[in-house]
Structure formats: structure tokens, C-alpha cells
Amino acid sequence: MTEKLSQTRTEREYIPGLGKHFLTPLYDVAHHVFGLRPIHQEMITLAELRDGHQVLDVGCGTGNLLRATGRRHRNVDLVGLDPDPKALARAGRKARRAGLTVRLDRGFAQELPYDDGSFDRVFSSLMLHHLDSTSKDALLAEVRRVLRPDGLLVLADAVLDEHGHDHRHGRGRRQTGMRGRMREQLRDNAADAVSQRIAEAGFTVEPTRTMALRIGGRVGIELAHPSGSAQK
């Protein structure tokens with residue numbers, strides 16, 4: 001494997017995968033316990049990847065989706081982007097053990113460091129709720145920019161009911177800090193808000209596909225083509 005790791009100059013605050021930096025070593029345990037592997041496998045299937053495709057995973061974390069993609073499709077070019085250097089280091093180690101060639105970039109979803117029309121497929125797995133509303137819109141605009149006209153966005157995130165509840169934690173006391181902020185940002189996912197937001201960013205969105213996590217909650221998978229493009 002030839003791993004490429006680059007950094008952007010811009011530094012900003014971000015919410016790590018499990019809400020706290022010290023929990024990053026437990027991310028892969030949580031990935032297994034909550035049952036995210038079937039969701040990743042479904043995302044890969046829906047992407048309909050072909051040899052030579054350029055694939056970007058925005059918010060790739062410790063690289064589970066990249067590794068699963070590379071194992072099923074050895075002849076695609078894989079790029080992962082994440083602001084967390086510790087997560088990227090883990091992603092690199094796992095890719096090396098799997099014998100995969102992956103480019104790993106440190107950067108932020110709101111400012112993708114790639115040229116226009118660089119990718120055939122863009123993945124985003126359970127990271128949208130890490131962003132505030134303005135940043136979510138910036139991410140989607142950037143994805144629209146870096147996708148080729150016949151490209152595809154495959155985005156998965158938590159699904160909430162129309163009242164903004166995900167049924168995993170109850171009402172409880174109000175949380176503060178990073179985890180509290182992330183739960184507030186998750187409320188943007190109520191009902192069909194995610195698919196509407198994607199459509200408003202210039203995409204044609206297919207009906208949401210919903211899958212259950214092993215431990216509480218549901219995940220919605222969105223497939224979206226740049227509006228006005230030829231879908232293949």
C-alpha cells in the first residue's frame with residue numbers, strides 16, 4: 001500500500017467520531033457494537049462502483065467504509081478526508097493491513113481540497129450531524145462541486161421522527177459541551193429534512209432507504225445525483 005497523508009493549513013474546532021477525543025480508540029468497538037457494517041455494505045452496493053472510479057469518503061474517521069469498499073472493489077481509487085489526525089492514523093494502519101492503496105487527507109468537509117469534478121462517487125457515513133446547519137450546507141455545496149456530472153452522493157446519517165427524537169436516549173437532562181452540541185445538530189435530521197437539504201443543494205434525491213442499527217436508532221441512506229446530470 002502507498003498511503004498519502006496531507007494536511008490543510010486551516011485549523012478549526014471539530015467534533016470527533018464519538019463526541020470526545022479520548023474516545024477515538026473505542027470507535028471501532030462502537031462500530032461493531034452498533035452494527036454499522038451492514039449499513040456500509042449497503043452503501044457500497046448502492047454506489048454501483050466500477051473499475052477506475054474515483055471515490056471520496058468525507059469524514060472517513062478510522063477508515064472502516066474505505067476498507068470495506070477496497071475489499072469489494074480493488075480497482076477503484078480511494079480517498080478519505082477527516083479533520084482528526086488520530087483517526088486518520090488508525091485508518092492508514094488498517095488500510096496497510098488490508099493491502100489497500102488509500103490517499104488520506106486531513107481537512108474539513110466545508111472546504112474540500114479537491115478540484116471541480118474530481119470524483120465519481122462521494123460517501124458520507126454518520127458525519128452530517130457533526131456539523132451545524134451552515135456547515136452542512138457548505139459540505140453539500142462542496143460535494144456538488146467535486147462530483148462529476150454523472151456522479152453520485154451516497155450519504156448515511158441518523159433518522160429522527162418529526163419531533164426530533166431518535167429514541168435512543170430518552171429526554172433526560174440537557175447535555176453540554178461537544179456531545180450536547182452534536183445532539184442539538186442532530187435535530188436537523190427530523191423527518192425528511194436531510195433529503196430536503198440535499199435537494200436544495202442542487203441534487204436529485206432518491207427516496208430514503210432506512211436501516212436499523214443493532215442497538216437502537218435508525219439510519220437513513222440518501223442517494224443523490226447532481227441535478228440536471230445524466231444518470232448512469
# chains A, B, ... in the order shown; residues from 1 in each chain; ligands from 1
$ closest_atom_pairs --of "region 36-103 of chain A" --to "region 137-160 of chain A" --cutoff "9 Å" --atoms "only C-alpha atoms" --output "JSON lines"
{"residue": "A:Ile39", "atom": "CA", "partner": "A:Ala156", "partner_atom": "CA", "distance": 8.2}
{"residue": "A:His40", "atom": "CA", "partner": "A:Ala156", "partner_atom": "CA", "distance": 8.8}
{"residue": "A:Met43", "atom": "CA", "partner": "A:Val154", "partner_atom": "CA", "distance": 6.5}
{"residue": "A:Ile44", "atom": "CA", "partner": "A:Val154", "partner_atom": "CA", "distance": 8.5}
{"residue": "A:Leu46", "atom": "CA", "partner": "A:Val154", "partner_atom": "CA", "distance": 7.7}
{"residue": "A:Ala47", "atom": "CA", "partner": "A:Val154", "partner_atom": "CA", "distance": 6.7}
{"residue": "A:Val58", "atom": "CA", "partner": "A:Val143", "partner_atom": "CA", "distance": 9.0}
$ atom_distance --atom1 "CA of Pro226 (chain A)" --atom2 "CA of Ala91 (chain A)"
28.9 Å
$ atom_distance --atom1 "CA of Gly35 (chain A)" --atom2 "CA of Arg67 (chain A)"
16.0 Å
$ atom_distance --atom1 "CA of Asp120 (chain A)" --atom2 "CA of Asp105 (chain A)"
17.8 Å
$ closest_residue --among "A:Gly99, A:Gly217, A:Gly202, A:Gly107" --to "Arg71 (chain A)" --atoms "only C-alpha atoms"
A:Gly99
$ residues_around --residues "Arg93 (chain A)" --least-positions-apart "2" --cutoff "12 Å" --atoms "only C-alpha atoms" --output "PyMOL selection string"
chain A and resi 1-3+5+62-64+67+86-91+95-102+104
$ select_by_dssp --residues "region 39-134 of chain A" --states "strand (DSSP E)" --output "PyMOL selection string"
chain A and resi 54-58+77-82+102-106+119-125
